[in-house]
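Asks: Please read through the structure below; I'll follow up with questions.
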Amino acid sequence: MVNLSNLDFILVFVYFAILLIVGYFTSREQKDEDYLIAERKLGSLSTMATINASKTGSILMIFVALVYLWGFSALWYFIGMILGILIFLPFALRLKENSQQRFYTLADYFKYNYGKRSAIFASLLSIFMMFGFLVINLIAGTKIFIFFTGWPFWLCSIIMVFIVLLYLLMGGFKAVVKTDIIQYFAMIFILGMLALLLFNGSLIPASEWNFFNADIGTMVGFFLAGILFPFAMPELWQRVYSSKNKSTLKKGLLMSAFVYAIFAFLLGLIALTIKANFPGIDPDLALIQGFVNLLPQGLLGLSVVLLFAAVMSSLDTYIYTGASTIIQDFFDWDKRKTVKNIRKVIFLLSIFGALIAILLQSLILGSYIFVASLVILAVPVIATWIKKDIKERTLIFGFIVGIIGFVIFLIMTIKEVTPVLVIVSLVSTLMGLIIGGVVSVFRK
């Protein structure tokens, strides 16, 4: 436990207060379409900020932990992610055009183009991933809270969920976007300043800069997860739907890739600096330990705000996206009833997420599992891009075989899960698509 100064506590309190104020004013005279998709009026800057904020979250702590395990070769994830955004761009523009202002979730794409059965698989995978990333970010945020307060895990977890719930229940998707914008620009500013302070004068061994420290399976797993990430993340698809037009979306995604590259470089500097100074500490808490021991007095509060901003900007996204997917994919209600029931599911999902986080309490294990699961959804999405008239039966075989391969390999390696699980998910899903393609030819 580290004792924060009064100034540190004030900074954290002001940050939480700003989130609640934004949620309150967003909810005033809000239309149902505002709550659901921000009236599809996001500009380029807003699109960039909310895309990047939603995928930052626990990656701050996870990436530093991965650097402890694999060195700078962990950066292959970010390289893949940046390339993935650029590859996703033309697909996103076509998705925006074909959505015709009627899509709200990722599964809507499958339902309107390939049928309800494929949409069910896409929806269930989306819910599993959103819940998984919700749990991972809640674990990360809770560990931060515990480190600075010494309170029990369960209490810190509940406090985190309670704060997010307050502004999320009030403002919905529009509150998510507005808080994302505030939090992301705060993150970039604070991260840049902290990187300069930490890296200044630090001696990092030349071996740590090696991109090829990890084994080939791990590096390929990181890289593939990054590339496939945009194609399977429901919250990113919601940003596509909510952007003002195709021009706005294009600028937002290009800015997203550019700014995320800067973010990755700054975080890489911080991770290597901390590892060089404290090689033997707990990887899960390495980022926090580095801030506490290396930052000048008086700046600890800013680092705490950075950590909370990163985690909570993702936490609210995953809670909202998971809840909206459950309601909008499985129930055909009018907008007023949809909003009302999304609020109920947001509450239930948050409580259940807190319970699972209390039971799991492991960042790296959870990240491997849920990132590998997104591949099972990403591969069929890319298949529909390559072959627009692909049969629904083919997609369903891809989903089923991908899930079976994922589950079997996970059970076999549960005590030692690695990024190789990503490759297994990829190969299994591709095999399923091939089998489904053959079956579709003989069962026209």
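Residues in the structure tokens are named by chain (A, B, ... in the order shown) and by number from 1 within that chain; ligands are numbered from 1 in the order shown.
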Which neighbours of Leu359 (chain A) fall inside 10 Å, counting only C-alpha atoms, when residues of the same chain fewer than 3 positions from it are skipped, and could you give them as a VMD selection string?
Replies: chain A and resid 139 153 to 154 353 to 356 362
Asks: Suppose we keep N, CA and C atoms; can you now write the selection as a tab-separated table (two decimals), in the first residue's frame?
Replies:
```tsv
chain	number	residue	atom	x	y	z
A	139	ILE	N	-10.49	-6.18	-13.26
A	139	ILE	CA	-9.37	-6.71	-12.47
A	139	ILE	C	-8.24	-5.69	-12.42
A	153	PHE	N	-10.14	-6.75	-2.17
A	153	PHE	CA	-10.41	-6.81	-3.61
A	153	PHE	C	-11.89	-6.58	-3.90
A	154	TRP	N	-12.76	-7.25	-3.15
A	154	TRP	CA	-14.20	-7.16	-3.42
A	154	TRP	C	-14.72	-5.74	-3.28
A	353	GLY	N	-20.05	-9.21	-13.61
A	353	GLY	CA	-18.64	-8.99	-13.96
A	353	GLY	C	-17.77	-8.82	-12.73
A	354	ALA	N	-18.29	-8.08	-11.76
A	354	ALA	CA	-17.55	-7.88	-10.52
A	354	ALA	C	-17.33	-9.21	-9.79
A	355	LEU	N	-18.33	-10.06	-9.78
A	355	LEU	CA	-18.21	-11.36	-9.12
A	355	LEU	C	-17.14	-12.23	-9.79
A	356	ILE	N	-17.14	-12.26	-11.14
A	356	ILE	CA	-16.16	-13.07	-11.87
A	356	ILE	C	-14.75	-12.50	-11.67
A	362	SER	N	-6.70	-12.58	-12.38
A	362	SER	CA	-5.47	-12.75	-13.16
A	362	SER	C	-5.60	-12.02	-14.49
```
Asks: If we count only C-alpha atoms and set the cut-off at 10 Å, which residues sit around Phe110 (chain A), ignoring sequence neighbours fewer than 3 positions away in its own chain? Please answer as a list in words.
Replies: Thr105, Leu106, Ala107, Asn113, Tyr114, Gly115, Lys116, Arg117, Ser118, Ala119, Ile120, Phe121, Ala122, Ser123, Pro380, Val381, Thr384, Glu392 and Leu395 of chain A
Asks: Quick one: residues within 7 Å of region 187-194 of chain A, only C-alpha atoms, excluding same-chain residues fewer than 4 positions away - as a list in words?
Replies: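 Using only C-alpha atoms, the neighbours found are Gln183, Leu198, Phe263, Leu266, Leu302, Leu306, Ala309 and Ala310 of chain A.
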Asks: Next, the residues of the selection above should be written as an mmCIF file, in the first residue's frame with N, CA and C atoms.
Replies:
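Everything below was put into selection-v5.cif:
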```cif
data_model
loop_
_atom_site.group_PDB
_atom_site.id
_atom_site.type_symbol
_atom_site.label_atom_id
_atom_site.label_comp_id
_atom_site.auth_asym_id
_atom_site.auth_seq_id
_atom_site.Cartn_x
_atom_site.Cartn_y
_atom_site.Cartn_z
ATOM 1 N N GLN A 183 -11.128 11.407 -21.429
ATOM 2 C CA GLN A 183 -10.147 10.518 -20.822
ATOM 3 C C GLN A 183 -8.976 10.235 -21.764
ATOM 4 N N LEU A 198 10.327 9.406 -16.909
ATOM 5 C CA LEU A 198 10.860 8.092 -16.534
ATOM 6 C C LEU A 198 12.064 7.697 -17.393
ATOM 7 N N PHE A 263 1.132 6.324 -28.972
ATOM 8 C CA PHE A 263 0.794 5.754 -27.666
ATOM 9 C C PHE A 263 1.623 4.495 -27.390
ATOM 10 N N LEU A 266 5.330 5.374 -26.613
ATOM 11 C CA LEU A 266 5.480 5.951 -25.274
ATOM 12 C C LEU A 266 5.349 4.870 -24.201
ATOM 13 N N LEU A 302 -1.183 12.164 -10.772
ATOM 14 C CA LEU A 302 -1.401 12.181 -12.225
ATOM 15 C C LEU A 302 -1.321 10.766 -12.803
ATOM 16 N N LEU A 306 -4.157 8.688 -14.816
ATOM 17 C CA LEU A 306 -3.889 8.018 -16.093
ATOM 18 C C LEU A 306 -4.391 6.577 -16.062
ATOM 19 N N ALA A 309 -8.216 6.480 -15.877
ATOM 20 C CA ALA A 309 -8.798 6.934 -17.148
ATOM 21 C C ALA A 309 -8.734 5.834 -18.188
ATOM 22 N N ALA A 310 -7.595 5.148 -18.255
ATOM 23 C CA ALA A 310 -7.423 4.071 -19.230
ATOM 24 C C ALA A 310 -8.388 2.926 -18.959
#
```
Asks: Show which residues sit within 10 Å of Leu377 (chain A), as a short mmCIF file (atom, residue, chain, number, x, y, z; two decimals) with N, CA and C atoms, in the first residue's frame. Count only C-alpha atoms, and ignore same-chain residues fewer than 4 positions away.
Replies:
```
data_model
loop_
_atom_site.label_atom_id
_atom_site.label_comp_id
_atom_site.auth_asym_id
_atom_site.auth_seq_id
_atom_site.Cartn_x
_atom_site.Cartn_y
_atom_site.Cartn_z
N PHE A 121 -24.62 -16.77 -33.59
CA PHE A 121 -23.23 -17.12 -33.23
C PHE A 121 -22.39 -15.85 -33.04
N ALA A 122 -22.55 -14.89 -33.97
CA ALA A 122 -21.79 -13.64 -33.88
C ALA A 122 -22.14 -12.89 -32.60
N SER A 123 -23.41 -12.90 -32.26
CA SER A 123 -23.86 -12.20 -31.06
C SER A 123 -23.33 -12.85 -29.79
N LEU A 124 -23.41 -14.18 -29.72
CA LEU A 124 -22.93 -14.90 -28.53
C LEU A 124 -21.43 -14.70 -28.33
N LEU A 125 -20.66 -14.74 -29.42
CA LEU A 125 -19.22 -14.48 -29.32
C LEU A 125 -18.96 -13.04 -28.89
N SER A 126 -19.75 -12.10 -29.42
CA SER A 126 -19.61 -10.70 -29.04
C SER A 126 -19.84 -10.51 -27.55
N MET A 129 -16.96 -11.96 -25.51
CA MET A 129 -15.77 -11.10 -25.54
C MET A 129 -15.97 -9.84 -24.71
N LEU A 228 -6.32 -8.89 -36.33
CA LEU A 228 -7.70 -9.34 -36.38
C LEU A 228 -8.62 -8.58 -35.43
N PHE A 229 -8.03 -7.89 -34.46
CA PHE A 229 -8.78 -7.20 -33.41
C PHE A 229 -9.91 -6.32 -33.95
N PHE A 231 -11.67 -6.37 -36.63
CA PHE A 231 -12.74 -7.06 -37.34
C PHE A 231 -13.71 -7.77 -36.40
N ALA A 232 -13.36 -7.90 -35.15
CA ALA A 232 -14.19 -8.69 -34.24
C ALA A 232 -14.65 -7.93 -33.00
N MET A 233 -14.28 -6.66 -32.86
CA MET A 233 -14.63 -5.94 -31.64
C MET A 233 -15.92 -5.14 -31.84
N ALA A 372 -8.00 -14.62 -27.82
CA ALA A 372 -8.07 -15.77 -28.73
C ALA A 372 -9.50 -15.99 -29.21
N SER A 373 -10.47 -15.72 -28.35
CA SER A 373 -11.87 -15.93 -28.75
C SER A 373 -12.31 -14.95 -29.83
N VAL A 381 -15.78 -12.75 -40.41
CA VAL A 381 -16.03 -11.38 -40.90
C VAL A 381 -15.17 -11.11 -42.13
N ILE A 382 -13.88 -11.43 -42.03
CA ILE A 382 -12.98 -11.22 -43.16
C ILE A 382 -13.40 -12.08 -44.35
N LEU A 395 -20.38 -20.08 -42.87
CA LEU A 395 -20.04 -19.24 -41.71
C LEU A 395 -20.31 -19.99 -40.40
N GLY A 398 -17.66 -22.43 -39.69
CA GLY A 398 -16.48 -21.70 -39.21
C GLY A 398 -16.58 -21.39 -37.73
N PHE A 399 -17.75 -20.88 -37.31
CA PHE A 399 -17.96 -20.56 -35.89
C PHE A 399 -17.85 -21.81 -35.03
N GLY A 402 -14.31 -23.46 -35.01
CA GLY A 402 -13.42 -22.53 -34.31
C GLY A 402 -13.60 -22.60 -32.80
N ILE A 403 -14.86 -22.63 -32.36
CA ILE A 403 -15.15 -22.70 -30.93
C ILE A 403 -14.67 -24.03 -30.35
N SER A 425 -7.04 -20.90 -32.57
CA SER A 425 -8.36 -20.38 -32.91
C SER A 425 -8.44 -20.03 -34.39
N LEU A 426 -7.38 -19.42 -34.91
CA LEU A 426 -7.34 -19.03 -36.32
C LEU A 426 -7.42 -20.26 -37.23
N THR A 429 -10.86 -22.10 -37.02
CA THR A 429 -11.94 -21.37 -37.71
C THR A 429 -11.78 -21.48 -39.22
#
```
Asks: Measuring atom to atom with only C-alpha atoms, identify which of A:Ile159, A:Ile435, A:Ile404, A:Ile136 is nearest to Tyr368 (chain A).
Replies: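 Ranked by minimum distance to Tyr368 (chain A), first place goes to A:Ile136.
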Asks: Quick check, in Å to one decimal: how far apart do CA of Gly71 (chain A) and CA of Gly226 (chain A) lie?
Replies: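 Between CA of Gly71 (chain A) and CA of Gly226 (chain A) the gap works out to 17.2 Å.
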Asks: What is the distance between CA of Thr273 (chain A) and CA of Ser157 (chain A), in Å to one decimal?
Replies: 29.2 Å
Asks: Can you measure CA of Ile270 (chain A) to CA of Phe9 (chain A) for me? One decimal in Å is fine.
Replies: 23.6 Å
Asks: Find, counting only C-alpha atoms, the residue in A:Ile227, A:Leu430, A:Ile59, A:Ile144 that gets nearest to Ala383 (chain A).
Replies: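 Among the listed residues, A:Leu430 lies closest to Ala383 (chain A).
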Asks: Contacts of Ile369 (chain A) at 8 Å or less, counting only C-alpha atoms, minus same-chain residues fewer than 3 places along, as a list in words?
Replies: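 Once the adjacent positions are removed, what remains is Leu365, Gly366, Ala372, Ser373, Leu410, Val417 and Leu421 of chain A.
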Asks: So that I have them on file, write out the residues from the current selection with C-alpha atoms, as a PDB file, in the first residue's frame.
Replies:
```pdb
ATOM      1  CA  LEU A 365      -4.493 -15.482 -18.244  1.00  0.00           C
ATOM      2  CA  GLY A 366      -7.765 -13.678 -18.933  1.00  0.00           C
ATOM      3  CA  ALA A 372      -8.074 -15.769 -28.730  1.00  0.00           C
ATOM      4  CA  SER A 373     -11.875 -15.925 -28.749  1.00  0.00           C
ATOM      5  CA  LEU A 410      -7.749 -24.219 -23.780  1.00  0.00           C
ATOM      6  CA  VAL A 417      -2.079 -20.684 -21.560  1.00  0.00           C
ATOM      7  CA  LEU A 421      -4.076 -20.131 -28.421  1.00  0.00           C
TER       8      LEU A 421
END
```
Asks: Determine the nearest neighbour of Gly80 (chain A) from the options A:Tyr24, A:Tyr112, A:Phe223, A:Phe212, counting only C-alpha atoms.
Replies: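 Among A:Tyr24, A:Tyr112, A:Phe223, A:Phe212, it is A:Phe223 that comes nearest to Gly80 (chain A).
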Asks: Please run DSSP on the backbone and report, as a ChimeraX atom specification, all residues within region 196-248 of chain A that come out as alpha helix (DSSP H).
Replies: /A:196-199,216-232,234-242,246-248
Asks: Output N, CA and C atoms of each residue in that selection to a file, as a short mmCIF file (atom, residue, chain, number, x, y, z; two decimals), in the first residue's frame.
Replies:
```cif
data_model
loop_
_atom_site.label_atom_id
_atom_site.label_comp_id
_atom_site.auth_asym_id
_atom_site.auth_seq_id
_atom_site.Cartn_x
_atom_site.Cartn_y
_atom_site.Cartn_z
N LEU A 196 8.64 10.90 -20.65
CA LEU A 196 9.82 11.76 -20.66
C LEU A 196 10.52 11.75 -19.30
N LEU A 197 9.72 11.82 -18.25
CA LEU A 197 10.30 11.85 -16.90
C LEU A 197 10.97 10.52 -16.54
N LEU A 198 10.33 9.41 -16.91
CA LEU A 198 10.86 8.09 -16.53
C LEU A 198 12.06 7.70 -17.39
N PHE A 199 12.00 7.99 -18.70
CA PHE A 199 13.04 7.54 -19.62
C PHE A 199 14.30 8.39 -19.51
N ILE A 216 8.70 -17.88 -31.82
CA ILE A 216 7.96 -17.52 -33.02
C ILE A 216 6.45 -17.65 -32.83
N GLY A 217 6.01 -18.67 -32.07
CA GLY A 217 4.58 -18.85 -31.83
C GLY A 217 3.97 -17.69 -31.07
N THR A 218 4.71 -17.20 -30.07
CA THR A 218 4.23 -16.06 -29.27
C THR A 218 4.16 -14.79 -30.11
N MET A 219 5.21 -14.52 -30.90
CA MET A 219 5.22 -13.30 -31.72
C MET A 219 4.12 -13.32 -32.78
N VAL A 220 3.94 -14.47 -33.41
CA VAL A 220 2.88 -14.59 -34.41
C VAL A 220 1.51 -14.43 -33.75
N GLY A 221 1.37 -14.99 -32.54
CA GLY A 221 0.11 -14.84 -31.81
C GLY A 221 -0.20 -13.39 -31.50
N PHE A 222 0.80 -12.65 -31.00
CA PHE A 222 0.63 -11.22 -30.74
C PHE A 222 0.22 -10.48 -32.01
N PHE A 223 0.96 -10.72 -33.09
CA PHE A 223 0.75 -10.00 -34.35
C PHE A 223 -0.63 -10.28 -34.94
N LEU A 224 -1.02 -11.56 -34.96
CA LEU A 224 -2.33 -11.92 -35.51
C LEU A 224 -3.47 -11.35 -34.67
N ALA A 225 -3.30 -11.38 -33.35
CA ALA A 225 -4.34 -10.82 -32.48
C ALA A 225 -4.55 -9.34 -32.78
N GLY A 226 -3.45 -8.61 -32.98
CA GLY A 226 -3.55 -7.19 -33.29
C GLY A 226 -4.24 -6.93 -34.61
N ILE A 227 -3.86 -7.68 -35.67
CA ILE A 227 -4.44 -7.48 -36.99
C ILE A 227 -5.94 -7.80 -37.01
N LEU A 228 -6.32 -8.89 -36.33
CA LEU A 228 -7.70 -9.34 -36.38
C LEU A 228 -8.62 -8.58 -35.43
N PHE A 229 -8.03 -7.89 -34.46
CA PHE A 229 -8.78 -7.20 -33.41
C PHE A 229 -9.91 -6.32 -33.95
N PRO A 230 -9.64 -5.42 -34.92
CA PRO A 230 -10.72 -4.52 -35.36
C PRO A 230 -11.91 -5.24 -35.99
N PHE A 231 -11.67 -6.37 -36.63
CA PHE A 231 -12.74 -7.06 -37.34
C PHE A 231 -13.71 -7.77 -36.40
N ALA A 232 -13.36 -7.90 -35.15
CA ALA A 232 -14.19 -8.69 -34.24
C ALA A 232 -14.65 -7.93 -33.00
N PRO A 234 -17.01 -5.57 -31.20
CA PRO A 234 -18.32 -4.94 -31.40
C PRO A 234 -18.34 -3.45 -31.10
N GLU A 235 -17.54 -3.01 -30.12
CA GLU A 235 -17.55 -1.58 -29.78
C GLU A 235 -16.96 -0.75 -30.91
N LEU A 236 -15.99 -1.29 -31.66
CA LEU A 236 -15.42 -0.56 -32.80
C LEU A 236 -16.45 -0.45 -33.91
N TRP A 237 -17.23 -1.49 -34.12
CA TRP A 237 -18.28 -1.45 -35.13
C TRP A 237 -19.33 -0.40 -34.76
N GLN A 238 -19.62 -0.25 -33.48
CA GLN A 238 -20.57 0.78 -33.06
C GLN A 238 -20.04 2.18 -33.39
N ARG A 239 -18.72 2.36 -33.30
CA ARG A 239 -18.12 3.65 -33.67
C ARG A 239 -18.25 3.89 -35.18
N VAL A 240 -18.17 2.82 -35.95
CA VAL A 240 -18.38 2.94 -37.40
C VAL A 240 -19.81 3.40 -37.68
N TYR A 241 -20.77 2.78 -37.02
CA TYR A 241 -22.17 3.15 -37.23
C TYR A 241 -22.48 4.56 -36.75
N SER A 242 -21.80 4.99 -35.68
CA SER A 242 -22.14 6.28 -35.07
C SER A 242 -21.41 7.47 -35.69
N LYS A 246 -18.93 8.74 -44.24
CA LYS A 246 -17.76 7.95 -44.62
C LYS A 246 -16.48 8.78 -44.55
N SER A 247 -16.54 10.04 -44.91
CA SER A 247 -15.36 10.90 -44.86
C SER A 247 -14.88 11.07 -43.43
N THR A 248 -15.82 11.32 -42.53
CA THR A 248 -15.50 11.46 -41.10
C THR A 248 -14.90 10.17 -40.55
#
```
